[in-house]
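Trainee: Dropping in input-v3.txt, which is compact mmCIF, C-alpha atoms and all ligand atoms:
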```txt
# COMPACT_ATOMS: atom_id res chain seq x y z
CA MET O 28 111.04 85.06 19.49
CA ILE O 29 111.97 85.60 15.88
CA ASP O 30 109.30 85.76 13.18
CA LEU O 31 110.52 85.15 9.64
CA HIS O 32 107.35 86.01 7.71
CA THR O 33 105.51 89.34 7.95
CA HIS O 34 104.01 91.98 5.66
CA THR O 35 104.17 95.76 5.54
CA VAL O 36 102.52 98.41 3.40
CA PHE O 37 104.93 97.48 0.62
CA SER O 38 102.44 94.72 -0.20
CA ASP O 39 99.18 94.09 1.65
CA GLY O 40 100.22 94.73 5.23
CA VAL O 41 98.76 97.72 7.03
CA LEU O 42 101.85 98.98 8.89
CA ILE O 43 104.98 100.70 7.69
CA PRO O 44 108.16 98.87 8.73
CA ALA O 45 108.99 101.18 11.64
CA GLU O 46 105.61 100.63 13.27
CA LEU O 47 105.60 96.91 12.60
CA ALA O 48 109.05 96.62 14.20
CA ARG O 49 108.01 98.67 17.24
CA ARG O 50 104.80 96.72 17.76
CA ALA O 51 106.67 93.44 17.38
CA GLN O 52 109.23 94.51 19.94
CA VAL O 53 106.44 95.33 22.39
CA ALA O 54 104.83 91.94 21.67
CA GLY O 55 108.00 90.24 22.93
CA LEU O 56 109.86 89.60 19.70
CA THR O 57 113.57 90.22 19.32
CA ALA O 58 113.75 90.09 15.53
CA MET O 59 111.57 89.76 12.46
CA ALA O 60 111.91 89.32 8.74
CA MET O 61 109.76 91.62 6.64
CA THR O 62 108.77 89.57 3.64
CA ASP O 63 106.30 91.40 1.44
CA HIS O 64 104.56 89.69 -1.45
CA GLY O 65 106.77 89.89 -4.51
CA ASP O 66 106.94 88.85 -8.15
CA HIS O 67 109.01 90.08 -11.10
CA SER O 68 107.13 93.39 -11.11
CA ASN O 69 108.06 94.67 -7.67
CA LEU O 70 111.18 92.97 -6.31
CA ASP O 71 113.20 96.08 -7.09
CA PHE O 72 110.57 98.24 -5.44
CA ILE O 73 110.21 96.32 -2.19
CA ILE O 74 113.63 94.93 -1.37
CA PRO O 75 115.82 98.05 -1.53
CA ARG O 76 113.29 99.88 0.67
CA LEU O 77 113.29 97.12 3.26
CA VAL O 78 117.10 96.95 3.13
CA THR O 79 117.29 100.69 3.79
CA VAL O 80 114.81 100.75 6.65
CA ALA O 81 116.35 97.64 8.23
CA LYS O 82 119.74 99.30 8.28
CA GLU O 83 118.36 102.47 9.88
CA LEU O 84 116.16 100.73 12.46
CA ASN O 85 118.76 98.12 13.40
CA ALA O 86 121.27 100.85 14.17
CA VAL O 87 119.07 102.40 16.85
CA MET O 88 116.58 99.76 18.05
CA PRO O 89 117.21 96.81 20.36
CA PHE O 90 115.49 94.77 17.68
CA THR O 91 116.58 93.30 14.37
CA VAL O 92 114.74 93.71 11.08
CA ILE O 93 115.73 91.22 8.40
CA PRO O 94 114.86 92.45 4.90
CA GLY O 95 113.27 89.76 2.75
CA ILE O 96 110.59 88.84 0.27
CA GLU O 97 107.75 86.35 -0.06
CA LEU O 98 107.53 85.20 -3.66
CA THR O 99 103.79 84.85 -4.08
CA HIS O 100 101.89 83.06 -6.85
CA VAL O 101 105.01 83.27 -9.01
CA PRO O 102 104.67 80.48 -11.63
CA PRO O 103 106.90 77.53 -10.69
CA PRO O 104 109.19 77.72 -13.78
CA ILE O 105 110.35 81.23 -12.82
CA ILE O 106 110.53 80.88 -9.04
CA ALA O 107 114.28 80.16 -9.08
CA ASP O 108 114.93 83.21 -11.23
CA ALA O 109 112.84 85.44 -8.98
CA ALA O 110 114.63 84.08 -5.91
CA ALA O 111 118.03 84.81 -7.44
CA LYS O 112 116.97 88.33 -8.37
CA ALA O 113 115.68 88.89 -4.84
CA ARG O 114 119.04 87.83 -3.37
CA ASP O 115 120.91 90.07 -5.77
CA LEU O 116 118.75 92.98 -4.61
CA GLY O 117 119.77 92.32 -1.02
CA ALA O 118 117.03 90.07 0.37
CA GLN O 119 118.47 88.35 3.43
CA ILE O 120 115.67 85.81 3.38
CA VAL O 121 113.57 84.42 0.54
CA VAL O 122 110.23 82.94 1.51
CA VAL O 123 107.93 81.27 -1.02
CA HIS O 124 104.16 81.33 -0.61
CA GLY O 125 103.55 77.58 -0.60
CA GLU O 126 100.60 75.49 -1.70
CA THR O 127 98.17 76.48 1.05
CA ILE O 128 94.80 74.76 0.65
CA VAL O 129 92.91 78.05 1.02
CA GLU O 130 94.25 79.68 -2.15
CA PRO O 131 94.61 78.43 -5.73
CA VAL O 132 98.41 78.31 -5.57
CA CYS O 133 99.78 76.67 -8.71
CA PRO O 134 100.62 72.97 -8.17
CA GLY O 135 104.37 72.49 -8.39
CA THR O 136 105.07 75.64 -6.35
CA ASN O 137 106.28 73.69 -3.32
CA GLN O 138 108.65 71.63 -5.40
CA ALA O 139 109.99 74.56 -7.44
CA ALA O 140 110.65 76.54 -4.27
CA ILE O 141 112.55 73.69 -2.66
CA LYS O 142 114.58 73.07 -5.81
CA ALA O 143 115.43 76.78 -5.92
CA CYS O 144 116.90 76.43 -2.40
CA VAL O 145 114.81 79.24 -0.98
CA ASP O 146 115.05 79.79 2.76
CA VAL O 147 111.48 79.15 3.90
CA LEU O 148 108.60 77.38 2.22
CA ALA O 149 105.61 79.06 3.86
CA HIS O 150 102.35 77.23 4.59
CA PRO O 151 103.09 74.31 2.21
CA GLY O 152 99.58 72.83 2.52
CA GLN O 153 99.40 69.16 1.63
CA ILE O 154 103.14 68.85 1.05
CA THR O 155 104.14 65.32 0.09
CA GLU O 156 106.63 63.19 1.93
CA ALA O 157 108.92 63.29 -1.11
CA GLU O 158 108.83 67.07 -1.13
CA ALA O 159 109.55 67.17 2.60
CA ALA O 160 112.51 64.85 2.02
CA LEU O 161 113.79 67.14 -0.72
CA ALA O 162 113.39 70.11 1.64
CA ALA O 163 115.44 68.23 4.24
CA ASP O 164 118.09 67.58 1.63
CA LYS O 165 118.24 71.18 0.40
CA GLY O 166 117.99 72.73 3.85
CA VAL O 167 114.73 74.51 3.03
CA LEU O 168 112.77 75.32 6.19
CA LEU O 169 109.09 74.32 6.25
CA GLU O 170 106.67 76.65 7.97
CA ILE O 171 104.17 76.11 10.73
CA THR O 172 101.96 79.17 10.49
CA GLY O 173 99.86 81.18 12.91
CA ARG O 174 97.78 82.55 10.04
CA LYS O 175 94.10 81.59 9.89
CA GLY O 176 93.29 79.36 6.94
CA HIS O 177 96.89 78.55 6.06
CA SER O 178 97.19 76.93 9.48
CA LEU O 179 94.59 74.26 8.65
CA THR O 180 97.35 71.96 7.42
CA ASN O 181 99.89 72.64 10.19
CA GLY O 182 99.45 69.15 11.60
CA HIS O 183 100.09 67.56 8.23
CA VAL O 184 103.16 69.74 7.58
CA ALA O 185 104.57 68.87 11.01
CA ARG O 186 104.03 65.15 10.41
CA MET O 187 105.65 65.17 6.97
CA ALA O 188 108.61 67.19 8.27
CA LYS O 189 109.14 64.79 11.14
CA LYS O 190 108.91 61.78 8.84
CA ALA O 191 111.38 63.20 6.35
CA GLY O 192 113.73 64.94 8.77
CA ALA O 193 112.95 68.39 7.37
CA ARG O 194 113.56 71.40 9.57
CA LEU O 195 110.72 73.66 10.70
CA VAL O 196 110.09 77.27 11.66
CA VAL O 197 107.02 78.98 13.12
CA ASN O 198 105.88 82.33 11.70
CA SER O 199 102.91 84.62 12.07
CA ASP O 200 102.49 85.79 8.45
CA SER O 201 101.35 89.07 10.05
CA HIS O 202 99.52 91.60 7.92
CA ALA O 203 98.12 93.73 10.78
CA PRO O 204 99.00 94.45 14.42
CA GLY O 205 96.55 91.83 15.73
CA ASP O 206 98.35 89.10 13.79
CA LEU O 207 101.62 89.40 15.69
CA MET O 208 102.41 86.34 17.81
CA SER O 209 103.90 86.56 21.29
CA PRO O 210 106.41 83.82 22.07
CA GLU O 211 103.76 82.14 24.26
CA TRP O 212 101.23 82.13 21.45
CA ALA O 213 103.76 80.86 18.92
CA GLU O 214 104.54 77.95 21.21
CA LYS O 215 100.83 77.15 21.46
CA VAL O 216 100.60 77.08 17.68
CA VAL O 217 103.55 74.67 17.57
CA LEU O 218 102.01 72.42 20.24
CA GLY O 219 98.71 72.57 18.40
CA ALA O 220 100.41 71.15 15.33
CA GLY O 221 101.28 68.06 17.37
CA LEU O 222 104.85 69.15 18.05
CA THR O 223 106.63 69.67 21.38
CA SER O 224 108.24 72.51 23.36
CA GLU O 225 111.61 71.09 22.32
CA ASP O 226 110.52 71.44 18.70
CA PHE O 227 109.59 75.06 19.40
CA GLN O 228 113.06 75.73 20.80
CA ALA O 229 114.65 74.06 17.77
CA MET O 230 112.51 76.18 15.44
CA GLN O 231 113.66 79.36 17.17
CA LYS O 232 117.25 78.23 16.75
CA GLU O 233 116.67 77.81 13.01
CA ALA O 234 115.32 81.36 12.86
CA GLN O 235 118.39 82.73 14.62
CA ALA O 236 120.53 81.74 11.66
CA PHE O 237 118.99 84.67 9.75
CA LEU O 238 120.26 87.28 12.18
CA PRO O 239 123.22 89.16 10.76
CA ASN O 240 126.63 88.00 11.93
CA GLN O 241 125.34 84.82 13.48
CA GLY O 242 128.30 82.72 12.40
CA LEU O 243 130.47 83.99 15.25
CA ALA O 244 132.51 85.97 12.81
CA LYS O 245 135.73 86.97 14.50
CA ASN O 246 135.39 90.24 12.73
CA ALA O 247 131.82 91.42 13.14
CA SER O 248 132.08 93.48 9.97
CA LEU O 249 133.11 90.58 7.74
CA ARG O 250 132.48 91.58 4.12
CA MET O 251 132.32 89.12 1.27
CA LEU O 252 131.75 89.22 -2.44
CA VAL O 253 130.42 86.29 -4.46
CA VAL O 254 131.23 86.53 -8.16
CA ASP O 255 129.48 84.16 -10.53
CA ASP O 256 127.56 84.57 -13.76
CA ASP O 257 125.12 81.90 -12.65
CA ALA O 258 122.38 83.41 -10.50
CA MET O 259 121.68 80.13 -8.72
CA SER O 260 125.35 79.73 -7.71
CA ARG O 261 125.41 83.28 -6.39
CA MET O 262 122.29 82.60 -4.40
CA VAL O 263 123.49 79.33 -2.87
CA LEU O 264 126.87 80.76 -1.84
CA CYS O 265 125.48 84.03 -0.53
CA ARG O 266 122.91 82.20 1.46
CA SER O 267 125.58 80.23 3.31
CA LEU O 268 128.08 83.05 3.65
CA GLY O 269 125.42 85.61 4.57
CA ALA O 270 125.18 84.02 8.01
CA TYR O 271 128.72 85.20 8.73
CA GLY O 272 128.50 88.81 7.64
CA GLU O 273 127.66 91.01 4.73
CA CYS O 274 127.63 89.22 1.39
CA LEU O 275 127.46 91.13 -1.89
CA THR O 276 127.25 89.66 -5.37
CA ALA O 277 128.61 90.38 -8.83
CA ALA O 278 127.63 88.66 -12.06
CA ASN O 279 130.93 89.03 -13.95
CA GLY O 280 134.52 90.15 -13.60
CA ARG O 281 133.77 93.73 -14.52
CA GLU O 282 131.16 94.07 -11.77
CA ALA O 283 133.58 92.38 -9.38
CA ILE O 284 136.36 94.86 -10.13
CA ASP O 285 133.93 97.77 -9.77
CA ALA O 286 132.69 96.44 -6.42
CA PHE O 287 136.27 95.90 -5.28
CA ARG O 288 137.30 99.40 -6.26
CA ARG O 289 134.25 100.88 -4.53
CA ALA O 290 134.99 98.91 -1.36
CA LEU O 291 138.55 100.23 -1.32
CA ALA O 292 137.36 103.78 -1.90
CA GLU O 293 134.91 103.46 1.01
CA ASN O 294 137.69 102.03 3.10
CA ARG O 295 135.62 98.89 3.62
CA PRO O 296 137.60 96.29 1.67
CA PHE O 297 136.27 92.77 1.24
CA ASP O 298 137.66 90.15 3.58
CA MET O 299 136.96 87.45 1.06
CA ILE O 300 135.89 86.98 -2.54
CA THR O 301 134.74 83.83 -4.29
CA LEU O 302 135.54 84.17 -7.94
CA ASP O 303 134.16 82.07 -10.75
CA VAL O 304 136.57 81.44 -13.62
CA MET O 305 134.40 81.20 -16.72
CA MET O 306 132.30 84.36 -17.02
CA PRO O 307 131.27 86.61 -19.90
CA ASP O 308 132.71 90.10 -20.29
CA VAL O 309 135.69 90.00 -17.90
CA ASP O 310 136.48 86.44 -16.74
CA GLY O 311 137.66 85.37 -13.29
CA ARG O 312 141.34 85.27 -14.19
CA SER O 313 141.43 88.82 -15.50
CA ALA O 314 139.43 89.99 -12.50
CA LEU O 315 141.88 88.27 -10.16
CA THR O 316 144.86 89.91 -11.85
CA GLN O 317 143.20 93.32 -11.76
CA ILE O 318 142.20 93.02 -8.13
CA ARG O 319 145.74 92.11 -7.13
CA PHE O 320 147.01 94.99 -9.23
CA LEU O 321 144.68 97.41 -7.40
CA GLU O 322 145.96 96.12 -4.09
CA GLU O 323 149.60 96.50 -5.11
CA ASP O 324 148.88 99.93 -6.40
CA ARG O 325 147.68 100.90 -2.93
CA ASP O 326 150.63 99.24 -1.21
CA ILE O 327 148.41 96.77 0.60
CA GLU O 328 150.69 94.30 2.37
CA PRO O 329 150.48 90.72 1.10
CA GLU O 330 149.07 89.36 4.37
CA LYS O 331 146.36 92.03 4.40
CA ARG O 332 145.14 91.45 0.90
CA THR O 333 141.65 90.07 0.31
CA LYS O 334 141.36 86.27 0.49
CA ILE O 335 140.26 85.04 -2.88
CA ILE O 336 138.80 81.60 -3.48
CA MET O 337 138.51 80.57 -7.11
CA THR O 338 135.49 78.41 -7.92
CA THR O 339 136.55 76.19 -10.78
CA THR O 340 135.43 73.20 -12.75
CA LEU O 341 137.74 70.21 -12.58
CA SER O 342 139.01 70.82 -16.10
CA GLU O 343 139.96 74.42 -15.40
CA ARG O 344 141.77 73.53 -12.26
CA LYS O 345 145.13 72.40 -13.67
CA ASP O 346 145.37 75.47 -15.76
CA ILE O 347 144.75 77.76 -12.83
CA GLU O 348 147.01 75.98 -10.42
CA GLY O 349 149.84 76.65 -12.83
CA ALA O 350 149.34 80.23 -13.74
CA PHE O 351 147.48 81.64 -10.77
CA ARG O 352 148.88 79.84 -7.77
CA ASP O 353 150.41 82.99 -6.33
CA GLN O 354 147.47 85.24 -6.92
CA CYS O 355 144.60 83.40 -5.26
CA ASP O 356 144.40 81.84 -1.82
CA ALA O 357 142.39 78.69 -2.47
CA TYR O 358 140.35 76.77 -5.02
CA VAL O 359 137.11 74.94 -4.63
CA THR O 360 135.62 72.75 -7.32
CA LYS O 361 132.18 73.47 -8.73
CA PRO O 362 129.49 72.67 -7.86
CA VAL O 363 130.72 74.22 -4.63
CA ARG O 364 130.09 72.22 -1.48
CA VAL O 365 129.20 74.67 1.26
CA ASP O 366 131.05 72.77 4.00
CA GLU O 367 134.21 72.73 1.90
CA LEU O 368 133.92 76.48 1.27
CA LEU O 369 133.33 77.25 4.96
CA GLU O 370 136.32 75.09 5.86
CA ARG O 371 138.51 77.32 3.68
CA VAL O 372 137.06 80.46 5.26
CA ARG O 373 137.82 78.96 8.64
CA GLN O 374 141.39 78.23 7.59
CA PHE O 375 141.79 81.89 6.73
CA GLY O 376 140.79 82.67 10.31
CA LEU O 377 137.82 84.74 9.21
CA ILE O 378 135.26 82.64 11.11
CA ASP O 379 135.42 80.31 14.10
ZN ZN O 401 99.33 88.92 2.14
ZN ZN O 402 102.66 85.86 3.69
```
Would you write out, as structure tokens, the structure that this file holds?
Ligand SMILES: [Zn+2]
Ligand SMILES: [Zn+2]

Mentor:
Amino acid sequence: MIDLHTHTVFSDGVLIPAELARRAQVAGLTAMAMTDHGDHSNLDFIIPRLVTVAKELNAVMPFTVIPGIELTHVPPPIIADAAAKARDLGAQIVVVHGETIVEPVCPGTNQAAIKACVDVLAHPGQITEAEAALAADKGVLLEITGRKGHSLTNGHVARMAKKAGARLVVNSDSHAPGDLMSPEWAEKVVLGAGLTSEDFQAMQKEAQAFLPNQGLAKNASLRMLVVDDDAMSRMVLCRSLGAYGECLTAANGREAIDAFRRALAENRPFDMITLDVMMPDVDGRSALTQIRFLEEDRDIEPEKRTKIIMTTTLSERKDIEGAFRDQCDAYVTKPVRVDELLERVRQFGLID
């Protein structure tokens, strides 16, 4: 059983992450996302701490902690920005506190969260069929919750999701030890929402996608860097690639070169980089040239160099094909289609 929505002392939960993880393990869970309540004031407080503790615990426990955030009562116009910032800080999952009927959540929150392509829309209350259809389209998971109050609309959420073809997950929204759900209890909650045991299995499968290295990476330590000045693009790409390994981000060419240099110094080079062309400061072309220069400088053999996929607009493409054919390994046209990108990664032999 994997729970994608829980709280620690970093917001209003009562347990520190280590105790929450241990208690969850004893309750029969195999993994959990820790998703404390966040807004623009505390993303940089919560997320790096959860990232750190997840790394330490995951190394020694037969249990996986997924560091995340629950954007809570963030006004709809700035939800996308907060989500992008959370990803940049290392959140492996972004949950949004949806329009539960038991709190005065701002109307428009459900829709803004779905449009921002967050991972999970928690307790979305009286979500409309149109919103559920949009969630299906954007791949945003809708939540069936074990939390008192929020769970009053589980039946409605389940019905809308089924009607629109949206995918579902079941979470506890734990704040205290007594809130943790055993797998048996979670299944009861799902059945209570009018769904089936098959639905419960499918929901658990959805949750598995958030475990690190779930994309059957040939190389379990696959490292990727997404370079784009647009926060939303970074978020969308990292979200898809993150399933296959570690995905870092950079907002311009300078940051990309720095990250590349650091990775070389740590002897953990990137397996792949997606590189936007038009960026302020140092653009994608200069970054590409510099990265290849750094590789040459270190006598890295051509077949061992980092795979670089340029993300280009149609109009830039001709230009790049001429001058940069030899330096990069592939191009994809923006807006990037995830299946097209993954196909390229597959061609490189980095994933199955
Ligand atoms: Zn709370
Ligand atoms: Zn919550």

Trainee: Write as a list in words the residues around ligand ZN 402 (chain O), taking 8 Å as the cut-off and counting only C-alpha atoms and all ligand atoms.

Mentor: His32, Thr33, His34, Thr62, Asp63, His64, Glu97, Thr99, His124, Ala149, Asp200, Ser201 and His202 of chain O

Trainee: Determine the nearest neighbour of Val92 in chain O from the options O:Ala357, O:Ala270, O:Ala60, O:Ala191, counting all atoms listed in the file.

Mentor: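 Closest to Val92 in chain O, using all atoms listed in the file: O:Ala60.
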
Trainee: Choose the residue, out of O:Asp146, O:Glu293, O:Glu170, O:Asp39, that has the smallest atom-to-atom separation from ligand ZN 401 (chain O); count only C-alpha atoms and all ligand atoms.

Mentor: O:Asp39

Trainee: What gap, in Å, lies between CA of Glu211 in chain O and CA of Ala58 in chain O?

Mentor: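 Spanning CA of Glu211 in chain O to CA of Ala58 in chain O is a straight-line distance of 15.5 Å.
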
Trainee: Check which residues of range 269-311 of chain O sit at most 9 Å from range 225-239 of chain O using only C-alpha atoms, and return one row each with the closest pair of atoms and their distance in Å to one decimal, ordered by chain and rising number, as a Markdown table.

Mentor:
```
| residue | atom | partner | partner_atom | distance |
| --- | --- | --- | --- | --- |
| O:Gly269 | CA | O:Pro239 | CA | 7.5 |
| O:Ala270 | CA | O:Pro239 | CA | 6.2 |
| O:Tyr271 | CA | O:Pro239 | CA | 7.1 |
| O:Gly272 | CA | O:Pro239 | CA | 6.1 |
| O:Glu273 | CA | O:Pro239 | CA | 7.7 |
```

Trainee: Point out the residue among O:Pro75, O:Gly40, O:Pro296, O:Pro204 with the least atom-to-atom distance to ligand ZN 401 (chain O), counting only C-alpha atoms and all ligand atoms.

Mentor: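 Of all the options, O:Gly40 lies closest to ligand ZN 401 (chain O).
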
Trainee: Taking all atoms listed in the file into account, name the residue in O:Gly311, O:Pro151, O:Gly182, O:Gly376 that is nearest to Val123 in chain O.

Mentor: O:Pro151

Trainee: Within 9 Å of (100.3, 79.1, 8.8) in the file's own coordinates, which protein, DNA or RNA residues have an atom, counting all atoms listed in the file? List them as a PyMOL selection string.

Mentor: chain O and resi 127+149-152+170-181+197-200

Trainee: Would you mind exporting the chosen residues as a compact mmCIF listing (two decimals), in the coordinates of the input, restricted to C-alpha atoms?

Mentor:
```
# COMPACT_ATOMS: atom_id res chain seq x y z
CA THR O 127 98.17 76.48 1.05
CA ALA O 149 105.61 79.06 3.86
CA HIS O 150 102.35 77.23 4.59
CA PRO O 151 103.09 74.31 2.21
CA GLY O 152 99.58 72.83 2.52
CA GLU O 170 106.67 76.65 7.97
CA ILE O 171 104.17 76.11 10.73
CA THR O 172 101.96 79.17 10.49
CA GLY O 173 99.86 81.18 12.91
CA ARG O 174 97.78 82.55 10.04
CA LYS O 175 94.10 81.59 9.89
CA GLY O 176 93.29 79.36 6.94
CA HIS O 177 96.89 78.55 6.06
CA SER O 178 97.19 76.93 9.48
CA LEU O 179 94.59 74.26 8.65
CA THR O 180 97.35 71.96 7.42
CA ASN O 181 99.89 72.64 10.19
CA VAL O 197 107.02 78.98 13.12
CA ASN O 198 105.88 82.33 11.70
CA SER O 199 102.91 84.62 12.07
CA ASP O 200 102.49 85.79 8.45
```

Trainee: Find the spatial neighbours of Asn279 in chain O, counting only C-alpha atoms, within a cut-off of 10 Å - ignore same-chain residues fewer than 4 positions away - and output them as a CSV table (one decimal) with C-alpha atoms, keeping the file's coordinate frame.

Mentor:
```csv
chain,number,residue,atom,x,y,z
O,253,VAL,CA,130.4,86.3,-4.5
O,254,VAL,CA,131.2,86.5,-8.2
O,255,ASP,CA,129.5,84.2,-10.5
O,256,ASP,CA,127.6,84.6,-13.8
O,257,ASP,CA,125.1,81.9,-12.6
O,283,ALA,CA,133.6,92.4,-9.4
O,284,ILE,CA,136.4,94.9,-10.1
O,302,LEU,CA,135.5,84.2,-7.9
O,303,ASP,CA,134.2,82.1,-10.8
O,304,VAL,CA,136.6,81.4,-13.6
O,305,MET,CA,134.4,81.2,-16.7
O,306,MET,CA,132.3,84.4,-17.0
O,307,PRO,CA,131.3,86.6,-19.9
O,308,ASP,CA,132.7,90.1,-20.3
O,309,VAL,CA,135.7,90.0,-17.9
O,310,ASP,CA,136.5,86.4,-16.7
O,311,GLY,CA,137.7,85.4,-13.3
O,314,ALA,CA,139.4,90.0,-12.5
```

Trainee: Need the shell around Met28 in chain O: protein/DNA/RNA residues with any atom at most 8 Å away, counting only C-alpha atoms. Skip same-chain ones fewer than 3 positions apart. Format as JSON, numbers by chain?

Mentor: {"O": [55, 56, 57, 58, 209, 210, 231]}

Trainee: Set the distance at 10 Å and use all atoms listed in the file: which residues neighbour Pro102 in chain O once local chain neighbours fewer than 5 positions away are removed? I'd like the list as a PDB file with C-alpha atoms, in the frame of the given file.

Mentor:
```
ATOM      1  CA  ASP O  66     106.940  88.850  -8.150  1.00  0.00           C
ATOM      2  CA  ALA O 107     114.280  80.160  -9.080  1.00  0.00           C
ATOM      3  CA  ALA O 109     112.840  85.440  -8.980  1.00  0.00           C
ATOM      4  CA  VAL O 132      98.410  78.310  -5.570  1.00  0.00           C
ATOM      5  CA  CYS O 133      99.780  76.670  -8.710  1.00  0.00           C
ATOM      6  CA  PRO O 134     100.620  72.970  -8.170  1.00  0.00           C
ATOM      7  CA  GLY O 135     104.370  72.490  -8.390  1.00  0.00           C
ATOM      8  CA  THR O 136     105.070  75.640  -6.350  1.00  0.00           C
ATOM      9  CA  ALA O 139     109.990  74.560  -7.440  1.00  0.00           C
TER      10      ALA O 139
END
```

Trainee: Would you mind reading off the distance between CA of Arg332 in chain O and CA of Phe320 in chain O, one decimal, in Å?

Mentor: 10.9 Å

Trainee: Can you tell me, as a PyMOL selection string, what residues are no more than 10 Å from Pro44 in chain O when counting all atoms listed in the file, ignoring any on the same chain fewer than 4 positions away?

Mentor: chain O and resi 33-37+40+48-50+61+76-77+80-81+84+92

Trainee: Measuring between all atoms listed in the file, which one of O:Ala292, O:Val263, O:Leu377, O:Asp356 shows the shortest distance to Arg250 in chain O?

Mentor: O:Leu377

Trainee: Please identify all polymer residues within 12 Å of Glu367 in chain O, counting only C-alpha atoms, omitting same-chain residues fewer than 3 positions from it, and present them as an mmCIF file with C-alpha atoms, in the coordinates of the input.

Mentor:
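So selection30.cif came out as:
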```cif
data_model
loop_
_atom_site.group_PDB
_atom_site.id
_atom_site.type_symbol
_atom_site.label_atom_id
_atom_site.label_comp_id
_atom_site.auth_asym_id
_atom_site.auth_seq_id
_atom_site.Cartn_x
_atom_site.Cartn_y
_atom_site.Cartn_z
ATOM 1 C CA LEU O 264 126.870 80.760 -1.840
ATOM 2 C CA SER O 267 125.580 80.230 3.310
ATOM 3 C CA ILE O 336 138.800 81.600 -3.480
ATOM 4 C CA THR O 338 135.490 78.410 -7.920
ATOM 5 C CA ALA O 357 142.390 78.690 -2.470
ATOM 6 C CA TYR O 358 140.350 76.770 -5.020
ATOM 7 C CA VAL O 359 137.110 74.940 -4.630
ATOM 8 C CA THR O 360 135.620 72.750 -7.320
ATOM 9 C CA LYS O 361 132.180 73.470 -8.730
ATOM 10 C CA PRO O 362 129.490 72.670 -7.860
ATOM 11 C CA VAL O 363 130.720 74.220 -4.630
ATOM 12 C CA ARG O 364 130.090 72.220 -1.480
ATOM 13 C CA GLU O 370 136.320 75.090 5.860
ATOM 14 C CA ARG O 371 138.510 77.320 3.680
ATOM 15 C CA VAL O 372 137.060 80.460 5.260
ATOM 16 C CA ARG O 373 137.820 78.960 8.640
ATOM 17 C CA GLN O 374 141.390 78.230 7.590
#
```

Trainee: Enter the distance from CA of Val121 in chain O to CA of Ala193 in chain O, in Å, rounded to one decimal.

Mentor: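 Interatomic distance, CA of Val121 in chain O to CA of Ala193 in chain O: 17.4 Å.
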
Trainee: Please complete range 83-94 of chain O with N, CA and C atoms and give it back as a CSV table (one decimal), keeping the file's coordinate frame.

Mentor:
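Dumped everything to out.csv:
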```csv
chain,number,residue,atom,x,y,z
O,83,GLU,N,118.6,101.3,9.0
O,83,GLU,CA,118.4,102.5,9.9
O,83,GLU,C,117.8,102.0,11.2
O,84,LEU,N,116.8,101.2,11.2
O,84,LEU,CA,116.2,100.7,12.5
O,84,LEU,C,117.1,99.9,13.3
O,85,ASN,N,117.9,99.0,12.6
O,85,ASN,CA,118.8,98.1,13.4
O,85,ASN,C,119.9,98.9,14.1
O,86,ALA,N,120.2,100.0,13.6
O,86,ALA,CA,121.3,100.8,14.2
O,86,ALA,C,120.8,101.5,15.5
O,87,VAL,N,119.5,101.7,15.7
O,87,VAL,CA,119.1,102.4,16.8
O,87,VAL,C,118.1,101.6,17.7
O,88,MET,N,117.6,100.5,17.3
O,88,MET,CA,116.6,99.8,18.0
O,88,MET,C,117.2,98.5,18.6
O,89,PRO,N,116.8,98.1,19.8
O,89,PRO,CA,117.2,96.8,20.4
O,89,PRO,C,116.4,95.7,19.7
O,90,PHE,N,116.4,95.7,18.4
O,90,PHE,CA,115.5,94.8,17.7
O,90,PHE,C,116.1,94.6,16.3
O,91,THR,N,116.0,93.5,15.7
O,91,THR,CA,116.6,93.3,14.4
O,91,THR,C,115.5,93.1,13.3
O,92,VAL,N,115.6,93.9,12.3
O,92,VAL,CA,114.7,93.7,11.1
O,92,VAL,C,115.6,93.0,10.0
O,93,ILE,N,115.0,91.9,9.5
O,93,ILE,CA,115.7,91.2,8.4
O,93,ILE,C,115.0,91.5,7.1
O,94,PRO,N,115.6,92.1,6.1
O,94,PRO,CA,114.9,92.4,4.9
O,94,PRO,C,114.7,91.2,4.0
```
